[in-house]
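Asker: Quick one: the structure is below, questions incoming.
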Amino acid sequence: MQLRWTILLLLFFMQIVNSLDKAVMGLAAVPIMRELHLTPQQYGIIASSFYSLYALSTLVVALLFANRVPPRIILIVLLAAWSTVQLPILFAASFAVLVVCRTALGVAEGPGTPTIINATHEWFAPEDRSLPTALVMFGTTVGPLLGAPILSYLIVAYGWRAAFAACAVLSFAALALWFRFGADGPGATVRPAEARPKSSGPPARWTKVWADRTIVGSLIGGFCAYWGVGFGIAWLAPLLTTGLGYDGITTGWLIALIFAGQGVIGLVLSGLSHAMTKRGAPSRQARGLFIATMQLASAAAFVAAALMTAPPVKVGLILLAASLPGVTFTLGPSILSEVLPPARRNRDIGIILATVSVAGAISPYVSGLFINAHPGAAGYNHALLLVAAILAIGGAVSFATLHPETSQRALAGA
């Protein structure tokens with residue numbers, strides 16, 4: 001019992017490191033653009049480069065390794081890469097080096113979240129996975145919450161390279177801790193071939209899985225939610241500085257405040273969903289409709305933020321808008337884990353999360369085009385309205401398609 005909570009704490013720490021590696025570019029955006037004389041469109045390319053091969057690497061791990069190699073081993077390899085691929089930025093920063101290093105980091109971090117989720121699910125029964133998943137994913141909130149002020153201080157006091165160096169050190173610490181304490185859980189699905197149970201019937205064709213409405217809805221809803229993530233990682237700090245006029249230190253604290261709000265709201269919503277599940281509510285209500293409702297509410301909040309001119313109110317609306325879709329990434333994997341047969345779970349969750357993350361490659365670049373085309377705050381408002389429109393689509397699709405119980409029966413034995 002104690003071991004599984006130690007493992008959960010380590011996985012939580014990995015998500016902190018993962019989120020900081022993503023966020024550091026946005027926090028350092030303005031001084032990097034100033035030093036290297038980059039346009040918003042060029043910065044958008046750098047921000048998008050992190051996700052350019054993110055999905056591909058996640059797919060490769062999902063298809064070739066997820067069902068053959070334990071998550072424990074995959075995470076050792078990934079953490080080793082996180083520790084090293086950003087180091088060239090410290091010594092030879094340029095537009096090309098930033099693109100190459102951020103692309104390489106995206107390749108290494110792409111499979112991270114699916115593998116961390118699979119490792120988490122090894123230690124908990126299906127009906128108990130929502131809250132542990134939410135706690136692990138809370139690391140993506142705690143990272144920027146604690147790290148944004150610290151990294152912003154490093155950027156102002158010692159230059160933006162110091163923030164990248166700090167992220168590399170944290171990645172190495174996570175590697176050392178996992179190498180020492182990491183372990184496979186009792187629910188591991190990666191086992192020797194002779195120990196795997198024989199199927200009770202012929203497996204379903206892959207089209208049966210990928211045509212299932214809950215799977216399709218998870219893909220579309222997740223993509224739309226991740227669009228907002230990509231925008232926030234790349235453009236939230238520049239929005240606060242160049243769009244609303246806050247200085248670097250204040251921006252760091254505001255980002256921390258936004259992520260604190262995200263964390264509190266995310267945990268409250270995930271806890272409510274978990275309580276509904278324990279009281280016997282169908283997963284359709286406790287998870288599927290939760291996701292749909294939060295995405296639609298987020299779309300409305302983003303529209304309000306785009307229309308609002310008072311900076312404090314605008315920041316508060318962005319906080320709310322960015323927080324609500326977070327349940328997609330805590331309840332969504334629990335739905336998939338519930339629906340997919342165990343033999344397919346690691347691989348298929350990896351494939352789905354890889355596909356979803358493509359939005360992170362598109363969103364920063366497209367947002368950069370909007371911001372570049374409309375100078376000042378107007379460009380950021382247009383980007384916020386685009387996020388709102390995409391989340392509204394995601395919420396509508398999720399409402400229509402997420403029926404976990406029906407899909408579980410349909411995919412039994414797949």
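Residues in the structure tokens are named by chain (A, B, ... in the order shown) and by number from 1 within that chain; ligands are numbered from 1 in the order shown.
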Skip Lys314 of chain A itself and residues of its chain fewer than 2 positions away, then list as a ChimeraX atom specification all residues within 12 Å of it, counting only C-alpha atoms.

Answerer: /A:239-240,243-244,254,258,301-312,316-321,377,380-381,384

Asker: Keeping N, CA and C atoms for every residue in the selection just given, could you write it to a file as an mmCIF file, in the first residue's frame?

Answerer:
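Output below, filename selection06.cif:
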data_model
loop_
_atom_site.group_PDB
_atom_site.id
_atom_site.type_symbol
_atom_site.label_atom_id
_atom_site.label_comp_id
_atom_site.auth_asym_id
_atom_site.auth_seq_id
_atom_site.Cartn_x
_atom_site.Cartn_y
_atom_site.Cartn_z
ATOM 1 N N LEU A 239 0.976 37.147 -23.653
ATOM 2 C CA LEU A 239 -0.297 37.865 -23.540
ATOM 3 C C LEU A 239 -0.280 38.793 -22.323
ATOM 4 N N LEU A 240 0.223 38.272 -21.199
ATOM 5 C CA LEU A 240 0.241 39.058 -19.977
ATOM 6 C C LEU A 240 1.234 40.223 -20.059
ATOM 7 N N GLY A 243 0.504 41.957 -24.172
ATOM 8 C CA GLY A 243 -0.916 42.220 -24.391
ATOM 9 C C GLY A 243 -1.563 43.037 -23.291
ATOM 10 N N LEU A 244 -1.165 42.783 -22.027
ATOM 11 C CA LEU A 244 -1.800 43.465 -20.903
ATOM 12 C C LEU A 244 -0.847 44.384 -20.134
ATOM 13 N N LEU A 254 1.337 35.910 -11.802
ATOM 14 C CA LEU A 254 0.001 35.742 -12.371
ATOM 15 C C LEU A 254 -0.174 34.355 -12.975
ATOM 16 N N ILE A 258 -2.856 31.579 -11.945
ATOM 17 C CA ILE A 258 -3.729 30.893 -12.902
ATOM 18 C C ILE A 258 -3.622 29.384 -12.727
ATOM 19 N N ALA A 301 -16.294 31.158 -21.247
ATOM 20 C CA ALA A 301 -15.382 32.003 -20.467
ATOM 21 C C ALA A 301 -14.302 32.620 -21.354
ATOM 22 N N PHE A 302 -13.820 31.874 -22.350
ATOM 23 C CA PHE A 302 -12.826 32.431 -23.271
ATOM 24 C C PHE A 302 -13.427 33.571 -24.100
ATOM 25 N N VAL A 303 -14.675 33.426 -24.522
ATOM 26 C CA VAL A 303 -15.347 34.509 -25.248
ATOM 27 C C VAL A 303 -15.431 35.755 -24.360
ATOM 28 N N ALA A 304 -15.835 35.561 -23.111
ATOM 29 C CA ALA A 304 -15.937 36.689 -22.183
ATOM 30 C C ALA A 304 -14.575 37.345 -21.969
ATOM 31 N N ALA A 305 -13.514 36.536 -21.871
ATOM 32 C CA ALA A 305 -12.164 37.083 -21.682
ATOM 33 C C ALA A 305 -11.734 37.920 -22.881
ATOM 34 N N ALA A 306 -12.080 37.456 -24.087
ATOM 35 C CA ALA A 306 -11.715 38.199 -25.295
ATOM 36 C C ALA A 306 -12.424 39.547 -25.363
ATOM 37 N N LEU A 307 -13.641 39.617 -24.850
ATOM 38 C CA LEU A 307 -14.432 40.843 -24.921
ATOM 39 C C LEU A 307 -14.116 41.818 -23.792
ATOM 40 N N MET A 308 -13.516 41.322 -22.719
ATOM 41 C CA MET A 308 -13.251 42.147 -21.543
ATOM 42 C C MET A 308 -11.963 42.957 -21.750
ATOM 43 N N THR A 309 -11.959 44.211 -21.282
ATOM 44 C CA THR A 309 -10.774 45.060 -21.431
ATOM 45 C C THR A 309 -10.028 45.270 -20.115
ATOM 46 N N ALA A 310 -10.711 45.210 -18.977
ATOM 47 C CA ALA A 310 -10.048 45.416 -17.685
ATOM 48 C C ALA A 310 -9.099 44.262 -17.396
ATOM 49 N N PRO A 311 -7.775 44.521 -17.264
ATOM 50 C CA PRO A 311 -6.809 43.424 -17.104
ATOM 51 C C PRO A 311 -7.107 42.452 -15.957
ATOM 52 N N PRO A 312 -7.446 42.908 -14.731
ATOM 53 C CA PRO A 312 -7.688 41.931 -13.654
ATOM 54 C C PRO A 312 -8.854 40.988 -13.961
ATOM 55 N N GLY A 316 -8.807 36.887 -14.591
ATOM 56 C CA GLY A 316 -9.691 35.974 -13.870
ATOM 57 C C GLY A 316 -10.499 35.093 -14.795
ATOM 58 N N LEU A 317 -10.983 35.655 -15.895
ATOM 59 C CA LEU A 317 -11.749 34.861 -16.861
ATOM 60 C C LEU A 317 -10.857 33.840 -17.575
ATOM 61 N N ILE A 318 -9.629 34.234 -17.871
ATOM 62 C CA ILE A 318 -8.691 33.288 -18.483
ATOM 63 C C ILE A 318 -8.393 32.144 -17.518
ATOM 64 N N LEU A 319 -8.236 32.476 -16.226
ATOM 65 C CA LEU A 319 -8.031 31.443 -15.207
ATOM 66 C C LEU A 319 -9.164 30.426 -15.246
ATOM 67 N N LEU A 320 -10.397 30.921 -15.228
ATOM 68 C CA LEU A 320 -11.552 30.018 -15.246
ATOM 69 C C LEU A 320 -11.601 29.224 -16.551
ATOM 70 N N ALA A 321 -11.410 29.923 -17.663
ATOM 71 C CA ALA A 321 -11.505 29.261 -18.964
ATOM 72 C C ALA A 321 -10.446 28.180 -19.142
ATOM 73 N N ALA A 377 -3.261 44.152 -28.308
ATOM 74 C CA ALA A 377 -4.193 43.247 -27.604
ATOM 75 C C ALA A 377 -5.190 42.600 -28.546
ATOM 76 N N TYR A 380 -4.315 38.995 -29.573
ATOM 77 C CA TYR A 380 -4.541 38.018 -28.516
ATOM 78 C C TYR A 380 -6.031 37.732 -28.337
ATOM 79 N N ASN A 381 -6.859 38.753 -28.492
ATOM 80 C CA ASN A 381 -8.305 38.527 -28.370
ATOM 81 C C ASN A 381 -8.823 37.634 -29.492
ATOM 82 N N LEU A 384 -7.925 34.147 -28.533
ATOM 83 C CA LEU A 384 -8.817 33.641 -27.486
ATOM 84 C C LEU A 384 -10.160 33.200 -28.066
#

Asker: Do a neighbour search on Leu386 of chain A at 10 Å with only C-alpha atoms, toss out local chain neighbours closer than 3 positions, and write the hits as a list in words.

Answerer: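 Close residues of Leu386 of chain A: Trp227, Gly228, Ala299, Phe302, Val303, Ala306, Ser363, Val366, Ser367, Phe370, Tyr380, Asn381, His382, Ala383, Ala389, Ile390, Leu391 and Ala392 of chain A.
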
Asker: Given the choices A:Leu56, A:Ile265, A:Leu385, A:Ala354, which gets closest to Ala134 of chain A if the distance is worked out from only C-alpha atoms?

Answerer: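 Among A:Leu56, A:Ile265, A:Leu385, A:Ala354, it is A:Ile265 that comes nearest to Ala134 of chain A.
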
Asker: Between atom CA of Asp348 of chain A and atom CA of Pro114 of chain A, what is the distance in Å, rounded to a tenth?

Answerer: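 These two atoms are separated by 9.8 Å.
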
Asker: When DSSP is applied to the backbone of this structure, which of segment 32-211 of chain A are assigned helix (DSSP H, G or I)? Write them out as a ChimeraX atom specification.

Answerer: /A:32-36,40-52,54-64,71-84,87-91,95-109,112-121,126-128,130-137,139-158,160-181,193-195,206-210

Asker: Go through segment 51-120 of chain A and flag each residue having an atom no more than 9 Å from segment 153-166 of chain A; for those, report the closest pair of atoms plus their distance in Å to one decimal, using only C-alpha atoms, ordered by chain and rising number, as JSON lines.

Answerer:
{"residue": "A:Gln86", "atom": "CA", "partner": "A:Phe164", "partner_atom": "CA", "distance": 7.1}
{"residue": "A:Leu87", "atom": "CA", "partner": "A:Ala165", "partner_atom": "CA", "distance": 7.2}
{"residue": "A:Ile89", "atom": "CA", "partner": "A:Arg161", "partner_atom": "CA", "distance": 7.5}
{"residue": "A:Leu90", "atom": "CA", "partner": "A:Arg161", "partner_atom": "CA", "distance": 5.6}
{"residue": "A:Phe91", "atom": "CA", "partner": "A:Arg161", "partner_atom": "CA", "distance": 8.8}
{"residue": "A:Ala93", "atom": "CA", "partner": "A:Arg161", "partner_atom": "CA", "distance": 9.0}

Asker: Do you know which residues are at most 12 Å from Ser323 of chain A counting only C-alpha atoms, after dropping those on the same chain fewer than 3 positions away, and could you put them as an MDAnalysis selection string?

Answerer: chainID A and resid 138 140:141 225 228:229 232 257:270 291 294:295 297:299 301:302 316:320 326:329

Asker: Pull the closest atom pair for each residue of segment 31-131 of chain A that gets at most 12 Å from segment 341-345 of chain A, along with the distance in Å to one decimal, counting only C-alpha atoms, ordering rows by chain and then ascending residue number, as JSON lines.

Answerer:
{"residue": "A:Ala62", "atom": "CA", "partner": "A:Arg345", "partner_atom": "CA", "distance": 9.8}
{"residue": "A:Leu63", "atom": "CA", "partner": "A:Arg344", "partner_atom": "CA", "distance": 10.3}
{"residue": "A:Ala66", "atom": "CA", "partner": "A:Arg345", "partner_atom": "CA", "distance": 9.0}
{"residue": "A:Asn67", "atom": "CA", "partner": "A:Arg344", "partner_atom": "CA", "distance": 7.7}
{"residue": "A:Arg68", "atom": "CA", "partner": "A:Ala343", "partner_atom": "CA", "distance": 10.8}
{"residue": "A:Pro114", "atom": "CA", "partner": "A:Arg345", "partner_atom": "CA", "distance": 10.6}
{"residue": "A:Thr115", "atom": "CA", "partner": "A:Arg345", "partner_atom": "CA", "distance": 11.2}
{"residue": "A:Ile117", "atom": "CA", "partner": "A:Arg345", "partner_atom": "CA", "distance": 10.8}
{"residue": "A:Asn118", "atom": "CA", "partner": "A:Arg345", "partner_atom": "CA", "distance": 8.2}
{"residue": "A:Ala119", "atom": "CA", "partner": "A:Arg345", "partner_atom": "CA", "distance": 11.6}
{"residue": "A:His121", "atom": "CA", "partner": "A:Arg345", "partner_atom": "CA", "distance": 10.0}
{"residue": "A:Glu122", "atom": "CA", "partner": "A:Pro342", "partner_atom": "CA", "distance": 10.6}
{"residue": "A:Ala125", "atom": "CA", "partner": "A:Pro342", "partner_atom": "CA", "distance": 11.6}
{"residue": "A:Pro126", "atom": "CA", "partner": "A:Pro342", "partner_atom": "CA", "distance": 10.3}

Asker: Have a look at atom CA of Gly44 of chain A and atom CA of Ala361 of chain A and let me know their distance in Å, one decimal.

Answerer: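 That distance, rounded to one decimal, is 9.7 Å.
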
Asker: Find the spatial neighbours of Glu338 of chain A, counting only C-alpha atoms, within a cut-off of 8 Å - ignore same-chain residues fewer than 4 positions away - and output them as a list in words.

Answerer: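 The neighbour list is Pro126, Ser334, Pro404 and Gln408 of chain A.
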